[in-house]
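Next comes protein-v2.cif, with mmCIF, C-alpha atoms.
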```cif
data_data
loop_
_atom_site.group_PDB
_atom_site.id
_atom_site.type_symbol
_atom_site.label_atom_id
_atom_site.label_comp_id
_atom_site.auth_asym_id
_atom_site.auth_seq_id
_atom_site.Cartn_x
_atom_site.Cartn_y
_atom_site.Cartn_z
ATOM 1 C CA MET A 1 27.507 -157.960 12.347
ATOM 2 C CA GLY A 2 29.602 -159.687 9.670
ATOM 3 C CA ASN A 3 29.056 -158.798 6.045
ATOM 4 C CA LYS A 4 28.172 -162.374 5.077
ATOM 5 C CA VAL A 5 25.757 -162.772 7.998
ATOM 6 C CA THR A 6 24.129 -159.432 7.138
ATOM 7 C CA LYS A 7 23.555 -160.528 3.544
ATOM 8 C CA ILE A 8 21.946 -163.775 4.727
ATOM 9 C CA ILE A 9 19.679 -161.842 7.127
ATOM 10 C CA ILE A 10 18.650 -159.449 4.327
ATOM 11 C CA VAL A 11 17.789 -162.385 2.037
ATOM 12 C CA VAL A 12 15.766 -164.077 4.799
ATOM 13 C CA ILE A 13 13.873 -160.833 5.479
ATOM 14 C CA LEU A 14 13.121 -160.319 1.770
ATOM 15 C CA ILE A 15 11.774 -163.883 1.562
ATOM 16 C CA SER A 16 9.679 -163.233 4.696
ATOM 17 C CA VAL A 17 8.245 -160.048 3.176
ATOM 18 C CA PHE A 18 7.459 -161.925 -0.035
ATOM 19 C CA ILE A 19 5.671 -164.723 1.852
ATOM 20 C CA THR A 20 3.701 -162.173 3.871
ATOM 21 C CA GLU A 21 2.632 -160.452 0.646
ATOM 22 C CA VAL A 22 1.528 -163.748 -0.928
ATOM 23 C CA ILE A 23 -0.518 -164.656 2.168
ATOM 24 C CA THR A 24 -2.079 -161.192 2.075
ATOM 25 C CA ILE A 25 -3.058 -161.417 -1.595
ATOM 26 C CA ALA A 26 -4.675 -164.820 -0.958
ATOM 27 C CA ASN A 27 -7.462 -162.996 0.881
ATOM 28 C CA TRP A 28 -8.610 -161.546 -2.470
ATOM 29 C CA LEU A 29 -9.095 -164.849 -4.285
ATOM 30 C CA HIS A 30 -12.811 -165.033 -3.403
ATOM 31 C CA CYS A 31 -13.485 -161.694 -5.157
ATOM 32 C CA LYS A 32 -15.003 -161.380 -8.634
ATOM 33 C CA ASN A 33 -14.009 -157.786 -9.406
ATOM 34 C CA PHE A 34 -12.927 -154.480 -7.925
ATOM 35 C CA ASN A 35 -15.976 -152.533 -6.823
ATOM 36 C CA ASP A 36 -17.058 -149.051 -7.910
ATOM 37 C CA TYR A 37 -14.922 -147.481 -5.200
ATOM 38 C CA LEU A 38 -12.014 -147.810 -7.651
ATOM 39 C CA HIS A 39 -13.831 -147.166 -10.951
ATOM 40 C CA PHE A 40 -14.409 -143.799 -12.589
ATOM 41 C CA TYR A 41 -17.868 -143.890 -14.229
ATOM 42 C CA SER A 42 -19.788 -141.072 -15.908
ATOM 43 C CA VAL A 43 -22.545 -141.492 -13.313
ATOM 44 C CA ASN A 44 -20.000 -140.797 -10.547
ATOM 45 C CA ARG A 45 -19.058 -137.615 -12.373
ATOM 46 C CA LEU A 46 -22.725 -136.601 -12.565
ATOM 47 C CA TYR A 47 -23.334 -137.177 -8.848
ATOM 48 C CA TYR A 48 -20.152 -135.276 -7.990
ATOM 49 C CA LEU A 49 -21.143 -132.324 -10.178
ATOM 50 C CA LEU A 50 -24.672 -132.193 -8.756
ATOM 51 C CA GLU A 51 -23.376 -132.346 -5.193
ATOM 52 C CA ASN A 52 -21.033 -129.436 -5.829
ATOM 53 C CA LEU A 53 -23.744 -127.409 -7.517
ATOM 54 C CA HIS A 54 -26.020 -127.843 -4.491
ATOM 55 C CA ASN A 55 -23.194 -126.731 -2.216
ATOM 56 C CA ASP A 56 -22.768 -123.588 -4.311
ATOM 57 C CA ILE A 57 -26.298 -122.279 -3.786
ATOM 58 C CA GLY A 58 -26.063 -118.572 -2.997
ATOM 59 C CA GLU A 59 -22.585 -118.235 -4.512
ATOM 60 C CA ASN A 60 -21.761 -115.980 -7.460
ATOM 61 C CA VAL A 61 -22.609 -117.833 -10.696
ATOM 62 C CA LEU A 62 -19.281 -117.023 -12.367
ATOM 63 C CA VAL A 63 -17.318 -118.195 -9.330
ATOM 64 C CA ALA A 64 -19.349 -121.409 -9.149
ATOM 65 C CA ARG A 65 -18.834 -122.022 -12.873
ATOM 66 C CA PHE A 66 -15.104 -121.430 -12.563
ATOM 67 C CA TYR A 67 -14.605 -123.956 -9.765
ATOM 68 C CA HIS A 68 -17.279 -126.463 -10.820
ATOM 69 C CA ASN A 69 -17.413 -127.237 -14.502
ATOM 70 C CA LYS A 70 -17.048 -130.469 -16.433
ATOM 71 C CA LEU A 71 -13.300 -130.153 -17.007
ATOM 72 C CA THR A 72 -12.390 -129.123 -13.447
ATOM 73 C CA ASP A 73 -14.651 -131.708 -11.836
ATOM 74 C CA ASP A 74 -13.348 -134.471 -14.136
ATOM 75 C CA VAL A 75 -9.750 -133.699 -13.178
ATOM 76 C CA VAL A 76 -10.489 -133.468 -9.442
ATOM 77 C CA LEU A 77 -12.637 -136.611 -9.450
ATOM 78 C CA PHE A 78 -10.107 -138.583 -11.496
ATOM 79 C CA LEU A 79 -7.339 -137.621 -9.043
ATOM 80 C CA GLN A 80 -9.511 -138.807 -6.148
ATOM 81 C CA TYR A 81 -9.984 -142.217 -7.785
ATOM 82 C CA TYR A 82 -6.334 -142.409 -8.850
ATOM 83 C CA LEU A 83 -5.047 -141.703 -5.337
ATOM 84 C CA ARG A 84 -7.265 -144.451 -3.943
ATOM 85 C CA PHE A 85 -4.878 -146.957 -5.527
ATOM 86 C CA PHE A 86 -2.115 -145.587 -3.301
ATOM 87 C CA ASP A 87 -4.235 -145.497 -0.143
ATOM 88 C CA VAL A 88 -2.600 -147.095 2.908
ATOM 89 C CA ARG A 89 -5.490 -149.410 3.730
ATOM 90 C CA PHE A 90 -5.909 -150.580 0.120
ATOM 91 C CA ASN A 91 -2.216 -151.403 -0.310
ATOM 92 C CA ALA A 92 -1.890 -152.902 3.166
ATOM 93 C CA SER A 93 -4.804 -155.187 2.258
ATOM 94 C CA LEU A 94 -3.344 -155.974 -1.169
ATOM 95 C CA ILE A 95 0.382 -156.482 -0.504
ATOM 96 C CA SER A 96 0.687 -156.113 3.316
ATOM 97 C CA LEU A 97 1.930 -153.236 5.449
ATOM 98 C CA SER A 98 5.563 -154.175 4.884
ATOM 99 C CA GLY A 99 4.901 -154.295 1.153
ATOM 100 C CA TYR A 100 3.353 -150.833 1.195
ATOM 101 C CA ALA A 101 6.314 -149.507 3.186
ATOM 102 C CA GLY A 102 8.585 -151.069 0.569
ATOM 103 C CA ILE A 103 6.781 -149.191 -2.212
ATOM 104 C CA LEU A 104 7.186 -145.902 -0.339
ATOM 105 C CA LEU A 105 10.884 -146.652 0.154
ATOM 106 C CA TRP A 106 11.266 -147.477 -3.529
ATOM 107 C CA LEU A 107 9.613 -144.187 -4.498
ATOM 108 C CA TYR A 108 11.892 -142.330 -2.083
ATOM 109 C CA TYR A 109 15.044 -143.844 -3.559
ATOM 110 C CA PHE A 110 13.756 -143.368 -7.093
ATOM 111 C CA PHE A 111 13.308 -139.618 -6.640
ATOM 112 C CA LYS A 112 16.498 -139.300 -4.586
ATOM 113 C CA GLN A 113 18.909 -141.212 -6.798
ATOM 114 C CA ARG A 114 20.073 -140.551 -10.339
ATOM 115 C CA LYS A 115 17.488 -141.818 -12.804
ATOM 116 C CA THR A 116 18.302 -144.334 -15.508
ATOM 117 C CA LYS A 117 16.165 -145.420 -18.457
ATOM 118 C CA ILE A 118 15.321 -148.668 -16.660
ATOM 119 C CA THR A 119 14.260 -147.073 -13.360
ATOM 120 C CA THR A 120 12.301 -144.401 -15.255
ATOM 121 C CA PHE A 121 10.519 -147.126 -17.235
ATOM 122 C CA PHE A 122 9.560 -148.999 -14.047
ATOM 123 C CA ALA A 123 8.349 -145.762 -12.455
ATOM 124 C CA ALA A 124 6.215 -144.998 -15.521
ATOM 125 C CA VAL A 125 4.639 -148.471 -15.351
ATOM 126 C CA PHE A 126 3.967 -147.999 -11.638
ATOM 127 C CA PHE A 127 2.146 -144.690 -12.097
ATOM 128 C CA ILE A 128 0.281 -145.690 -15.275
ATOM 129 C CA LEU A 129 -1.014 -149.089 -14.077
ATOM 130 C CA PRO A 130 -3.982 -147.776 -12.029
ATOM 131 C CA ILE A 131 -5.252 -145.604 -14.902
ATOM 132 C CA GLY A 132 -6.351 -148.620 -16.950
ATOM 133 C CA GLU A 133 -8.445 -149.992 -14.085
ATOM 134 C CA ILE A 134 -9.929 -146.607 -13.159
ATOM 135 C CA LEU A 135 -10.992 -145.562 -16.660
ATOM 136 C CA ILE A 136 -11.474 -148.823 -18.522
ATOM 137 C CA ASN A 137 -12.486 -151.275 -15.764
ATOM 138 C CA LEU A 138 -10.451 -154.079 -17.332
ATOM 139 C CA LYS A 139 -12.723 -156.921 -18.445
ATOM 140 C CA LEU A 140 -10.384 -159.671 -17.329
ATOM 141 C CA SER A 141 -10.634 -162.452 -14.793
ATOM 142 C CA PHE A 142 -10.192 -160.966 -11.348
ATOM 143 C CA ILE A 143 -7.186 -163.151 -10.559
ATOM 144 C CA LEU A 144 -5.486 -161.749 -13.667
ATOM 145 C CA GLN A 145 -6.412 -158.192 -12.650
ATOM 146 C CA ILE A 146 -4.948 -158.749 -9.193
ATOM 147 C CA LEU A 147 -1.754 -160.166 -10.690
ATOM 148 C CA ILE A 148 -1.409 -157.106 -12.961
ATOM 149 C CA PHE A 149 -1.156 -154.962 -9.832
ATOM 150 C CA PHE A 150 0.332 -157.482 -7.436
ATOM 151 C CA VAL A 151 3.372 -158.598 -9.444
ATOM 152 C CA PRO A 152 4.723 -155.073 -10.183
ATOM 153 C CA PHE A 153 3.848 -153.810 -6.690
ATOM 154 C CA ILE A 154 5.597 -156.726 -5.010
ATOM 155 C CA PHE A 155 8.630 -156.154 -7.237
ATOM 156 C CA TYR A 156 8.779 -152.465 -6.271
ATOM 157 C CA SER A 157 8.279 -153.214 -2.579
ATOM 158 C CA LEU A 158 11.084 -155.778 -2.424
ATOM 159 C CA TRP A 159 13.319 -153.435 -4.390
ATOM 160 C CA GLY A 160 12.613 -150.596 -1.940
ATOM 161 C CA ILE A 161 13.185 -152.751 1.150
ATOM 162 C CA TYR A 162 16.429 -154.107 -0.274
ATOM 163 C CA GLU A 163 17.691 -150.586 -1.003
ATOM 164 C CA PHE A 164 16.742 -149.522 2.526
ATOM 165 C CA MET A 165 18.469 -152.424 4.307
ATOM 166 C CA ASN A 166 21.517 -152.415 2.057
ATOM 167 C CA LYS A 167 22.628 -148.912 3.050
ATOM 168 C CA PRO A 168 25.844 -148.981 5.167
ATOM 169 C CA ASN A 169 24.746 -146.589 7.926
ATOM 170 C CA TYR A 170 22.442 -147.677 10.780
ATOM 171 C CA LYS A 171 22.150 -151.160 9.268
ATOM 172 C CA LYS A 172 20.974 -152.832 12.499
ATOM 173 C CA PHE A 173 18.259 -150.215 12.921
ATOM 174 C CA ARG A 174 17.138 -150.601 9.295
ATOM 175 C CA ILE A 175 16.908 -154.382 9.568
ATOM 176 C CA SER A 176 15.079 -154.171 12.914
ATOM 177 C CA PHE A 177 12.627 -151.672 11.432
ATOM 178 C CA ILE A 178 11.695 -154.030 8.579
ATOM 179 C CA ILE A 179 11.304 -156.954 10.995
ATOM 180 C CA ILE A 180 8.847 -154.865 13.048
ATOM 181 C CA LEU A 181 6.951 -154.040 9.847
ATOM 182 C CA ILE A 182 6.674 -157.761 9.052
ATOM 183 C CA ILE A 183 5.238 -158.379 12.533
ATOM 184 C CA PHE A 184 2.663 -155.617 12.000
ATOM 185 C CA SER A 185 1.872 -157.114 8.577
ATOM 186 C CA LEU A 186 1.076 -160.448 10.221
ATOM 187 C CA TRP A 187 -1.162 -158.621 12.708
ATOM 188 C CA TRP A 188 -2.926 -156.890 9.793
ATOM 189 C CA LEU A 189 -3.879 -160.320 8.418
ATOM 190 C CA ILE A 190 -6.443 -160.503 11.238
ATOM 191 C CA ILE A 191 -8.098 -157.290 9.985
ATOM 192 C CA ILE A 192 -7.913 -158.012 6.247
ATOM 193 C CA PRO A 193 -11.155 -160.056 6.037
ATOM 194 C CA TYR A 194 -12.987 -156.881 7.106
ATOM 195 C CA ALA A 195 -10.977 -154.546 4.837
ATOM 196 C CA VAL A 196 -11.038 -156.434 1.520
ATOM 197 C CA PRO A 197 -14.860 -156.214 1.003
ATOM 198 C CA VAL A 198 -14.508 -152.416 0.802
ATOM 199 C CA TYR A 199 -12.606 -152.834 -2.467
ATOM 200 C CA CYS A 200 -14.020 -155.953 -4.130
ATOM 201 C CA VAL A 201 -17.260 -157.602 -5.206
ATOM 202 C CA SER A 202 -17.590 -161.178 -3.943
#
```

What does this structure look like when you write it as structure tokens?
Amino acid sequence: MGNKVTKIIIVVILISVFITEVITIANWLHCKNFNDYLHFYSVNRLYYLLENLHNDIGENVLVARFYHNKLTDDVVLFLQYYLRFFDVRFNASLISLSGYAGILLWLYYFFKQRKTKITTFFAAVFFILPIGEILINLKLSFILQILIFFVPFIFYSLWGIYEFMNKPNYKKFRISFIIILIIFSLWWLIIIPYAVPVYCVS
């Protein structure tokens, strides 16, 4: 495969991934907000604490207090909500399966390669973004909220896929792998109408 032809194929694939991601995000335009599945409220903390206390009936009081107190439960519950933003189904429904794979590839190359100030900055933005939505529940139009996540995520995914395909070894395999992911992403579009309502309020 000639170098020039390979570059053209990589560009075409990146455009295809981008189009797939845009089509995927279009399924969210009827939503009004993210639902409580992604929001950390004090009432959620209360329910979580009460549930754990009921499960600890019969346990030593000191042990129960050590594992289930306000600080510990807040940290554990926050991590649960935070990790939901990196859930496979959520990201596949937001930016497509190929987009989610691109994010994972970007993270892999970020941790593997030598860090620069620019890549560190982008990584910080990536990991901090969900915190605002989880804790504050941004009072913005939903389209703007989606764009806040969608634009950076799509940037990271395309970056990761480009890095993956641009490596010199096993180039045909790498390109074929991404093409298969795009096909699966198109298949996922059939399922998305049933997946999106889990995360948004219409």

Under the PyMOL selection byres ((chain A and resi 182-184) around 12), which residues of this model are included? Write them out as a PyMOL selection string.
chain A and resi 12-21+24+92+95-102+161+175-181+185-191

TODO: Counting only C-alpha atoms, find the residues whose atoms lie at most 10 Å from (-6.1, -163.2, 0.2) (file coordinates) and write them out as a PyMOL selection string.
DONE: chain A and resi 21-31+93-95+189+192-193+196

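The residues caught by the PyMOL selection byres ((chain A and resi 198) around 10) in this file are Phe34, Asn35, Asp36, Tyr37, Leu38, Arg89, Phe90, Pro193, Tyr194, Ala195, Val196, Pro197, Tyr199, Cys200 and Val201 of chain A.
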
- Task: For Ala123 in chain A, please output as JSON, numbers by chain all residues within 10 Å (counting only C-alpha atoms; exclusion window: fewer than 4 positions along the same chain).
- Result: {"A": [106, 107, 110, 111, 115, 117, 118, 119, 127, 128, 156]}

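The two atoms in question, CA of Tyr108 in chain A and CA of Asn169 in chain A, are spaced 16.8 Å apart.
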
Go ahead and fit an axis-aligned box to every listed atom of range 25-43 of chain A plus 4 Å each side, and pass me the centre and edge lengths in Å, one decimal, as AutoDock Vina command-line options.
```
--center_x -12.8 --center_y -153.1 --center_z -7.5 --size_x 27.5 --size_y 32.0 --size_z 24.8
```

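Across A:Val88, A:Ile131, A:Val76, A:Ile8, the tightest approach to Ile103 in chain A is made by A:Val88 when counting only C-alpha atoms.
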
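The residues caught by the PyMOL selection byres ((chain A and resi 171) around 12) in this file are Met1, Gly2, Asn3, Thr6, Lys7, Ile9, Ile10, Tyr162, Glu163, Phe164, Met165, Asn166, Lys167, Pro168, Asn169, Tyr170, Lys172, Phe173, Arg174, Ile175, Ser176, Phe177 and Ile178 of chain A.
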